[in-house]
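Presented below is the structure to which this report refers.
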Amino acid sequence: MANVLEVKGLSKQYTKVLAVDKISFEIGEGEIFALIGPNGAGKTTTIRMISTLLKPTDGDAIVAGHSVIKAPEKVRECITYLPDEAGAYKQMTGIKYLRFMAGLFTSDIDGINSCVERAKNICGLGDRLNDKIGSYSRGMIRKLLLARAVMTKPKLAILDEPTSGLDVLNAIEIRKMIKKLAEEEGMSFLLSSHNMLEIEFVSDRVGIVSKGHLMVTGRTDELKERYNAPNLEEVFERVVNENEVH
Amino acid sequence: MKFINLLKKELSELINAQMVFSLLFSLAIFIIMGNVMQSVTAEISEEASHPKINICDLDNTDFTNAMLDSFITEGSNVKIVSVKNDDYAAPFSGSNMKSYVVIPKGFTDEIKNGKKPEVISVSKIKSASTLSGFTGGTDGTTSLINSYISYELAEQQGVSEDNLKIIEAPLKISEQTVVADKTAKVSSTTILGKISTQNMILPIIVLVLLMLTSQSLIASISNEKIDKTLETLLSTPVTRGSVITAKMLAAAIVALINAGVMMIGFSVYTKGMTSAVTSDLGITETVTKSLSADDAFRQLGLNLSAVDYALVGVQLFLTIMICLAISIILGALVNDSKSAQTMLLPIMMMVMIPWLISVFTDVNTLPTAARLIVYAIPFTHTFTAIPNLMFGNMTEFWIGLGYQFVIFIIVMFFALKLFKSDKILTISLNFGQKSRFKKSRKTTED
């Protein structure tokens with residue numbers, strides 16, 4: 001399985017805080033990789049560096065063969081990013097929003113139309129797409145944004161807390177959507193979450209981040225076995241505790 | 001294509017039903033106010049050509065009757081009012097009359113005995129409007145009575161009409177106004193009046209333009225930051241330069257639309273206002289003055305040429321660009337909608353201070369320290385541009401333009417640097433906190 005993302009010693013130093021310290025991991029084609037960790041662990045900063053929004057102070061990340069430092073424009077052509085608690089333009093209708101976003105990835109009208117059609121099928125919002133986004137519920141906005149994130153068939157979709165703030169039913173629907181896209185279309189995902197149950201269900205591999213360090217990576221069943229834990233939550237607890245002891 | 005897509009999105013966010021409604025509303029207000037002013041002007045004009053004289057002649061002698069007849073002969077609209085038992089309020093009931101004059105009993109005898117006769121001026125106040133005082137007063141009537149008595153007395157004393165005019169105004173003033181090395185036979189008040197009328201619109205349009213431009217750009221950037229749509233936008237395959245250029249261009253287009261509508265509305269309003277105020281001087285005098293003012297303007301070289309207007313256009317363009325560049329920086333500092341409103345304050349102050357100073361005084365007459373401070377504000381040079389061009393102060397104009405260009409380059413450099421760096425997502429200005437420039441906790445640590 002070829003790697004879509006290779007993160008090599010990625011670091012981010014703010015004036016006083018070292019937010020991310022030499023993180024390294026990789027994601028294969030069609031793989032769902034999740035970064036998990038408590039609030040303030042460095043997940044969002046890592047994701048923002050891979051999305052070319054922040055410049056790393058050390059290390060590099062290679063997305064589909066392009067460096068985030070040397071060729072950020074090329075990287076942006078291969079990825080899509082869905083920020084945590086992101087909104088959309090409230091004055092636009094759902095369909096206009098999808099059309100606008102598709103137009104940022106391609107100038108070809110047919111390409112735009114095909115992206116929008118795909119997003120319409122994925123989000124399942126039907127006629128509500130003709131309504132203004134300002135009238136949507138939180139769940140509807142998240143579905144729209146997720147459809148937007150995958151409509152261009154990116155090599156890597158980066159989703160920060162994809163189900164945060166959603167009710168159980170909407171969260172389940174979105175998890176299923178992500179899994180289906182990875183299995184059926186071979187799309188790779190980099191997720192971030194502190195919801196262990198969600199990650200256990202949706203991801204192929206996880207990386208546990210604490211205080212800017214990537215403590216451990218592996219398949220959930222492997223980690224459960226390694227740490228002799230019944231679920232990912234306890235794996236996480238033991239890893240974080242170990243980190244604090246050391 | 002991608003840039004057009006971005007520009008269309010920015011424009012569709014800014015041009016909405018709310019904006020169209022507020023534009024139409026402002027336009028309607030200006031038009032209504034202009035019409036009110038014009039109707040006041042028409043009333044003043046009518047009263048100047050056919051003065052309304054409301055008079056109560058309690059003396060009722062041959063002298064007073066002859067006087068009233070002469071008023072009618074000269075085109076005045078004389079209305080006889082009846083007052084009984086000193087009840088001055090009674091004549092106003094059921095009438096639109098605003099004032100009247102009472103000629104008391106014994107008026108003619110006083111004149112014959114060489115004494116100063118007295119008339120009673122009665123006015124009714126119906127509203128607090130200042131302009132309502134321009135019409136309907138008793139000044140016209142008392143002035144006519146004064147003139148009539150003067151001519152009668154002069155005739156009795158054997159003084160001719162011409163001699164009487166000399167006695168009333170013995171001094172003839174020939175006013176000359178000098179601008180640079182040119183002279184015109186006109187009063188400086190007339191020239192200054194014309195300059196202020198001509199230059200009234202532009203500063204207000206500049207003011208509106210700058211306010212709207214900065215408000216829309218700050219709101220556009222801060223809303224994107226607050227809703228996190230900026231993160232999504234910047235992670236797509238478009239350059240940060242094109243994102244910011246689309247925002248700047250859209251804000252400028254919308255501001256120009258607003259300014260255009262305001263200009264039309266304000267022109268209508270000013271037309272009414274100017275006529276109303278100048279009519280107070282007397283219709284004939286106003287017409288003569290404005291004609292001579294036009295000629296004098298040409299003679300003094302105060303008319304702006306096409307090149308001058310082009311230079312004003314360049315200066316306006318630079319002013320808007322500076323405003324947009326400052327707005328990018330201010331918008332980037334905002335992390336909540338409350339701060340977005342507050343952020344407009346620095347720009348408002350920078351525009352209002354030089355504008356108010358230019359309205360009330362000449363910046364060059366200020367003490368050196370104050371003058372330097374005012375000139376350091378880039379928008380000052382926008383307000384002084386037209387006067388500088390009119391009075392041929394080309395050195396001052398070019399220094400102002402050059403200064404604005406340098407300021408624009410500096411501010412734009414920092415704005416682009418900010419937008420292209422991590423800071424566009426991490427910096428925020430937190431009001432009321434010890435550390436004013438504090439990075440978002442989540443961004444720093446998460």
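Every chain in the structure tokens takes a letter, A first, then B, and so on in the order presented; its residues are numbered from 1, and the ligands are numbered from 1 following the presented order.
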
Please report as a Markdown table every residue of chain A lying within 9 Å of chain B, along with the nearest atom pair and their distance in Å (one decimal), using only C-alpha atoms.
| residue | atom | partner | partner_atom | distance |
| --- | --- | --- | --- | --- |
| A:Tyr14 | CA | B:Thr444 | CA | 7.0 |
| A:Val17 | CA | B:Thr444 | CA | 7.2 |
| A:Leu18 | CA | B:Glu445 | CA | 8.3 |
| A:Ala19 | CA | B:Glu445 | CA | 5.5 |
| A:Val20 | CA | B:Glu445 | CA | 8.6 |
| A:Pro38 | CA | B:Asp446 | CA | 8.4 |
| A:Asn39 | CA | B:Asp446 | CA | 5.9 |
| A:Gly40 | CA | B:Asp446 | CA | 3.5 |
| A:Ala41 | CA | B:Asp446 | CA | 5.1 |
| A:Gly42 | CA | B:Asp446 | CA | 4.2 |
| A:Lys43 | CA | B:Asp446 | CA | 5.7 |
| A:Thr44 | CA | B:Asp446 | CA | 5.4 |
| A:Thr45 | CA | B:Asp446 | CA | 6.0 |
| A:Thr46 | CA | B:Asp446 | CA | 8.6 |
| A:Arg48 | CA | B:Glu231 | CA | 8.8 |
| A:Ser51 | CA | B:Ser235 | CA | 6.0 |
| A:Thr52 | CA | B:Ser235 | CA | 6.6 |
| A:Leu53 | CA | B:Ser235 | CA | 6.4 |
| A:Leu54 | CA | B:Asp422 | CA | 5.1 |
| A:Lys55 | CA | B:Asp422 | CA | 6.8 |
| A:Pro72 | CA | B:Pro237 | CA | 8.9 |
| A:Glu73 | CA | B:Pro237 | CA | 6.0 |
| A:Lys74 | CA | B:Pro237 | CA | 7.7 |
| A:Val75 | CA | B:Pro237 | CA | 8.2 |
| A:Arg76 | CA | B:Pro237 | CA | 5.0 |
| A:Glu77 | CA | B:Pro237 | CA | 5.3 |
| A:Cys78 | CA | B:Pro237 | CA | 8.7 |
| A:Ile79 | CA | B:Thr236 | CA | 7.9 |
| A:Thr80 | CA | B:Ser235 | CA | 6.9 |
| A:Tyr81 | CA | B:Thr232 | CA | 6.2 |
| A:Leu82 | CA | B:Thr232 | CA | 6.5 |
| A:Pro83 | CA | B:Thr232 | CA | 6.9 |
| A:Asp84 | CA | B:Lys228 | CA | 8.3 |
| A:Glu85 | CA | B:Lys228 | CA | 7.6 |
| A:Ala86 | CA | B:Lys228 | CA | 5.0 |
| A:Gly87 | CA | B:Asp227 | CA | 4.9 |
| A:Ala88 | CA | B:Thr229 | CA | 6.1 |
| A:Tyr89 | CA | B:Thr229 | CA | 7.5 |
| A:Gln91 | CA | B:Glu13 | CA | 6.7 |
| A:Met92 | CA | B:Glu13 | CA | 8.1 |
| A:Phe100 | CA | B:Asn5 | CA | 6.6 |
| A:Met101 | CA | B:Leu233 | CA | 8.3 |
| A:Gly103 | CA | B:Lys2 | CA | 6.3 |
| A:Leu104 | CA | B:Lys2 | CA | 5.5 |
| A:Phe105 | CA | B:Pro237 | CA | 6.0 |
| A:Thr106 | CA | B:Lys2 | CA | 7.7 |
| A:Ser107 | CA | B:Met1 | CA | 6.0 |
| A:Lys211 | CA | B:Glu445 | CA | 8.3 |
| A:Gly212 | CA | B:Glu445 | CA | 8.3 |

A:Pro56: which residues within 7 Å, counting only C-alpha atoms, same-chain residues fewer than 3 positions away excluded, as an NGL selection string?
-> :A and (10-12 or 49 or 59)

Hey, can you spit out that residue selection with N, CA and C atoms as an mmCIF file, in the first residue's frame?
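Output file selection-v6.cif follows:
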data_model
loop_
_atom_site.group_PDB
_atom_site.id
_atom_site.type_symbol
_atom_site.label_atom_id
_atom_site.label_comp_id
_atom_site.auth_asym_id
_atom_site.auth_seq_id
_atom_site.Cartn_x
_atom_site.Cartn_y
_atom_site.Cartn_z
ATOM 1 N N LEU A 10 7.929 16.368 12.300
ATOM 2 C CA LEU A 10 7.241 17.664 12.205
ATOM 3 C C LEU A 10 7.185 18.357 13.579
ATOM 4 N N SER A 11 7.598 19.627 13.614
ATOM 5 C CA SER A 11 7.570 20.389 14.878
ATOM 6 C C SER A 11 6.991 21.766 14.655
ATOM 7 N N LYS A 12 6.390 22.295 15.712
ATOM 8 C CA LYS A 12 5.905 23.678 15.661
ATOM 9 C C LYS A 12 6.209 24.359 16.983
ATOM 10 N N MET A 49 -0.580 22.081 10.067
ATOM 11 C CA MET A 49 0.697 22.086 9.336
ATOM 12 C C MET A 49 0.587 21.224 8.079
ATOM 13 N N GLY A 59 11.174 19.742 10.488
ATOM 14 C CA GLY A 59 10.591 18.552 9.872
ATOM 15 C C GLY A 59 9.810 18.894 8.611
#

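Counting only C-alpha atoms, stretch 184-198 of chain A has the following residues at most 6 Å away, ignoring those fewer than 4 positions along the same chain: A:Glu29, A:Gly30, A:Glu31, A:Ile32, A:Phe33, A:Ala34, A:Leu35, A:Ile36, A:Gly37, A:Leu156, A:Ala157, A:Ile158, A:Leu159, A:Asp160, A:Glu161, A:Lys180, A:Glu233.
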
Output file for the residues above (N, CA and C atoms, as a short mmCIF file (atom, residue, chain, number, x, y, z; two decimals), in the first residue's frame):
data_model
loop_
_atom_site.label_atom_id
_atom_site.label_comp_id
_atom_site.auth_asym_id
_atom_site.auth_seq_id
_atom_site.Cartn_x
_atom_site.Cartn_y
_atom_site.Cartn_z
N GLU A 29 -2.78 4.44 1.30
CA GLU A 29 -3.93 4.70 0.43
C GLU A 29 -5.17 3.98 0.97
N GLY A 30 -6.28 4.66 1.06
CA GLY A 30 -7.53 4.07 1.54
C GLY A 30 -7.55 3.82 3.04
N GLU A 31 -6.58 4.39 3.74
CA GLU A 31 -6.49 4.16 5.19
C GLU A 31 -7.10 5.32 5.97
N ILE A 32 -7.71 4.96 7.10
CA ILE A 32 -8.23 6.00 8.00
C ILE A 32 -7.33 6.02 9.23
N PHE A 33 -6.62 7.14 9.37
CA PHE A 33 -5.69 7.27 10.50
C PHE A 33 -6.22 8.36 11.42
N ALA A 34 -6.23 8.07 12.71
CA ALA A 34 -6.77 9.06 13.65
C ALA A 34 -5.73 9.49 14.66
N LEU A 35 -5.64 10.80 14.85
CA LEU A 35 -4.79 11.34 15.91
C LEU A 35 -5.70 11.56 17.10
N ILE A 36 -5.38 10.92 18.21
CA ILE A 36 -6.22 11.12 19.39
C ILE A 36 -5.38 11.69 20.52
N GLY A 37 -6.05 12.43 21.35
CA GLY A 37 -5.33 13.04 22.46
C GLY A 37 -6.22 14.03 23.16
N LEU A 156 -6.13 12.90 0.16
CA LEU A 156 -6.17 12.85 1.62
C LEU A 156 -7.21 13.87 2.12
N ALA A 157 -8.20 13.35 2.86
CA ALA A 157 -9.17 14.26 3.48
C ALA A 157 -8.81 14.39 4.96
N ILE A 158 -8.63 15.65 5.39
CA ILE A 158 -8.21 15.89 6.78
C ILE A 158 -9.41 16.44 7.54
N LEU A 159 -9.87 15.68 8.52
CA LEU A 159 -11.09 16.07 9.25
C LEU A 159 -10.78 16.25 10.73
N ASP A 160 -10.92 17.49 11.20
CA ASP A 160 -10.63 17.79 12.61
C ASP A 160 -11.93 17.65 13.40
N GLU A 161 -11.97 16.71 14.32
CA GLU A 161 -13.18 16.46 15.14
C GLU A 161 -14.42 16.39 14.24
N LYS A 180 -17.28 4.27 4.49
CA LYS A 180 -17.70 3.84 3.16
C LYS A 180 -16.79 4.44 2.07
N GLU A 233 -10.04 3.61 25.07
CA GLU A 233 -10.04 4.62 26.13
C GLU A 233 -8.99 4.27 27.19
#

Could you pull out the strand (DSSP E or B) residues of stretch 18-169 of chain A from DSSP and send them as a CSV table (one decimal) with C-alpha atoms, in the first residue's frame?
chain,number,residue,atom,x,y,z
A,18,LEU,CA,6.5,23.9,21.7
A,19,ALA,CA,3.1,22.8,20.4
A,20,VAL,CA,4.3,19.8,18.4
A,21,ASP,CA,7.6,18.0,18.9
A,22,LYS,CA,9.1,15.9,16.1
A,23,ILE,CA,6.0,14.0,15.2
A,24,SER,CA,6.3,11.2,12.5
A,25,PHE,CA,3.7,8.9,11.0
A,26,GLU,CA,2.4,7.9,7.7
A,27,ILE,CA,-1.0,7.1,6.1
A,28,GLY,CA,-1.5,4.5,3.3
A,32,ILE,CA,-8.2,6.0,8.0
A,33,PHE,CA,-5.7,7.3,10.5
A,34,ALA,CA,-6.8,9.1,13.6
A,35,LEU,CA,-4.8,11.3,15.9
A,36,ILE,CA,-6.2,11.1,19.4
A,58,ASP,CA,11.1,21.8,11.8
A,59,GLY,CA,10.6,18.6,9.9
A,60,ASP,CA,8.4,18.1,6.8
A,61,ALA,CA,5.2,16.3,5.7
A,62,ILE,CA,5.0,14.8,2.2
A,63,VAL,CA,1.5,14.6,0.8
A,66,HIS,CA,4.7,17.0,-2.4
A,67,SER,CA,6.3,18.7,0.5
A,79,ILE,CA,-6.1,17.5,0.1
A,80,THR,CA,-9.2,18.9,1.6
A,81,TYR,CA,-9.5,20.1,5.1
A,82,LEU,CA,-12.5,20.3,7.4
A,93,THR,CA,-27.6,28.2,-0.4
A,132,LYS,CA,-29.8,29.2,2.7
A,156,LEU,CA,-6.2,12.9,1.6
A,157,ALA,CA,-9.2,14.3,3.5
A,158,ILE,CA,-8.2,15.9,6.8
A,159,LEU,CA,-11.1,16.1,9.2
A,160,ASP,CA,-10.6,17.8,12.6

Do you have the atom CA of B:Pro367-atom CA of B:Pro354 distance handy?
->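 Going from atom CA of B:Pro367 over to atom CA of B:Pro354 covers 14.8 Å.
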
From A:Lys143, A:Ser164, A:Glu173, A:Tyr97, residue lying nearest A:Asn130 [only C-alpha atoms] |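 Among the listed residues, A:Tyr97 lies closest to A:Asn130.
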
Can you pull out every residue within 10 Å of B:Ala252, counting only C-alpha atoms, but drop anything in the same chain fewer than 2 positions away, and send it as a PyMOL selection string?
-> chain B and resi 209-210+212-214+216-217+246-250+254-258+317+320-321+323-324

For A:Val116: contacts at 8 Å, only C-alpha atoms, fewer than 4 positions along chain excluded, given as a short mmCIF file (atom, residue, chain, number, x, y, z; two decimals) with C-alpha atoms, in the first residue's frame:
data_model
loop_
_atom_site.label_atom_id
_atom_site.label_comp_id
_atom_site.auth_asym_id
_atom_site.auth_seq_id
_atom_site.Cartn_x
_atom_site.Cartn_y
_atom_site.Cartn_z
CA ILE A 95 -25.89 24.18 -3.65
CA LEU A 98 -20.82 23.43 -3.08
CA ARG A 99 -20.48 25.07 -6.50
CA ALA A 102 -15.75 23.10 -6.31
CA ILE A 112 -17.53 21.50 -11.09
CA LYS A 120 -25.44 16.09 -3.42
CA MET A 151 -16.59 15.78 -3.40
#

Could you pull the residues within 10 Å of B:Ile322, counting only C-alpha atoms, minus those fewer than 3 positions along the same chain, as a PDB file with N, CA and C atoms, in the first residue's frame?
ATOM      1  N   LEU B 210     -14.724  55.724   2.924  1.00  0.00           N
ATOM      2  CA  LEU B 210     -13.742  55.092   3.798  1.00  0.00           C
ATOM      3  C   LEU B 210     -14.408  54.272   4.898  1.00  0.00           C
ATOM      4  N   SER B 214     -13.877  50.204   4.940  1.00  0.00           N
ATOM      5  CA  SER B 214     -13.199  49.534   6.047  1.00  0.00           C
ATOM      6  C   SER B 214     -14.160  48.619   6.794  1.00  0.00           C
ATOM      7  N   LEU B 316      -7.635  59.894  -4.388  1.00  0.00           N
ATOM      8  CA  LEU B 316      -8.757  59.144  -3.816  1.00  0.00           C
ATOM      9  C   LEU B 316      -8.480  57.647  -3.863  1.00  0.00           C
ATOM     10  N   PHE B 317      -7.943  57.192  -4.998  1.00  0.00           N
ATOM     11  CA  PHE B 317      -7.621  55.778  -5.172  1.00  0.00           C
ATOM     12  C   PHE B 317      -6.612  55.335  -4.107  1.00  0.00           C
ATOM     13  N   LEU B 318      -5.565  56.159  -3.921  1.00  0.00           N
ATOM     14  CA  LEU B 318      -4.550  55.829  -2.913  1.00  0.00           C
ATOM     15  C   LEU B 318      -5.162  55.803  -1.515  1.00  0.00           C
ATOM     16  N   THR B 319      -6.073  56.742  -1.266  1.00  0.00           N
ATOM     17  CA  THR B 319      -6.738  56.815   0.045  1.00  0.00           C
ATOM     18  C   THR B 319      -7.507  55.525   0.315  1.00  0.00           C
ATOM     19  N   ALA B 325      -5.857  48.428   3.149  1.00  0.00           N
ATOM     20  CA  ALA B 325      -4.692  47.748   3.735  1.00  0.00           C
ATOM     21  C   ALA B 325      -4.774  47.775   5.263  1.00  0.00           C
ATOM     22  N   ILE B 326      -5.172  48.929   5.815  1.00  0.00           N
ATOM     23  CA  ILE B 326      -5.312  49.021   7.288  1.00  0.00           C
ATOM     24  C   ILE B 326      -6.422  48.074   7.753  1.00  0.00           C
ATOM     25  N   SER B 327      -7.503  48.003   6.970  1.00  0.00           N
ATOM     26  CA  SER B 327      -8.640  47.147   7.346  1.00  0.00           C
ATOM     27  C   SER B 327      -8.257  45.668   7.372  1.00  0.00           C
ATOM     28  N   PRO B 378      -2.515  59.898   7.200  1.00  0.00           N
ATOM     29  CA  PRO B 378      -2.505  59.890   5.719  1.00  0.00           C
ATOM     30  C   PRO B 378      -3.757  60.495   5.089  1.00  0.00           C
ATOM     31  N   PHE B 379      -4.921  60.388   5.771  1.00  0.00           N
ATOM     32  CA  PHE B 379      -6.163  60.855   5.159  1.00  0.00           C
ATOM     33  C   PHE B 379      -6.269  62.392   5.129  1.00  0.00           C
ATOM     34  N   GLN B 404       1.297  59.611   0.949  1.00  0.00           N
ATOM     35  CA  GLN B 404       0.247  58.579   0.937  1.00  0.00           C
ATOM     36  C   GLN B 404       0.740  57.309   0.243  1.00  0.00           C
ATOM     37  N   PHE B 405       1.515  57.485  -0.828  1.00  0.00           N
ATOM     38  CA  PHE B 405       2.026  56.322  -1.559  1.00  0.00           C
ATOM     39  C   PHE B 405       2.965  55.508  -0.660  1.00  0.00           C
ATOM     40  N   VAL B 406       3.847  56.224   0.027  1.00  0.00           N
ATOM     41  CA  VAL B 406       4.796  55.539   0.922  1.00  0.00           C
ATOM     42  C   VAL B 406       4.029  54.798   2.025  1.00  0.00           C
ATOM     43  N   ILE B 407       3.030  55.471   2.611  1.00  0.00           N
ATOM     44  CA  ILE B 407       2.235  54.853   3.679  1.00  0.00           C
ATOM     45  C   ILE B 407       1.523  53.606   3.146  1.00  0.00           C
ATOM     46  N   PHE B 408       0.972  53.718   1.921  1.00  0.00           N
ATOM     47  CA  PHE B 408       0.271  52.573   1.335  1.00  0.00           C
ATOM     48  C   PHE B 408       1.221  51.379   1.177  1.00  0.00           C
ATOM     49  N   ILE B 409       2.418  51.641   0.645  1.00  0.00           N
ATOM     50  CA  ILE B 409       3.393  50.551   0.443  1.00  0.00           C
ATOM     51  C   ILE B 409       3.719  49.890   1.783  1.00  0.00           C
ATOM     52  N   ILE B 410       3.957  50.721   2.801  1.00  0.00           N
ATOM     53  CA  ILE B 410       4.328  50.182   4.121  1.00  0.00           C
ATOM     54  C   ILE B 410       3.175  49.351   4.706  1.00  0.00           C
ATOM     55  N   VAL B 411       1.968  49.924   4.710  1.00  0.00           N
ATOM     56  CA  VAL B 411       0.824  49.230   5.332  1.00  0.00           C
ATOM     57  C   VAL B 411       0.491  47.961   4.541  1.00  0.00           C
ATOM     58  N   MET B 412       0.545  48.063   3.214  1.00  0.00           N
ATOM     59  CA  MET B 412       0.216  46.892   2.379  1.00  0.00           C
ATOM     60  C   MET B 412       1.238  45.786   2.589  1.00  0.00           C
TER      61      MET B 412
END

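Atom CA of B:Ile195 is found 13.6 Å from atom CA of B:Asp362.
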
DSSP on the backbone: what in stretch 6-150 of chain B comes out helix (DSSP H, G or I), as a ChimeraX atom specification?
-> /B:6-14,17-49,62-73,90-92,107-112,131-134,139-150

Judged by only C-alpha atoms, the minimum distance to A:Leu232 among A:Arg128, A:Arg205, A:Lys96, A:Arg175 is found for A:Arg205

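Atom CA of A:Glu200 lies 11.7 Å from atom CA of A:Gly218.
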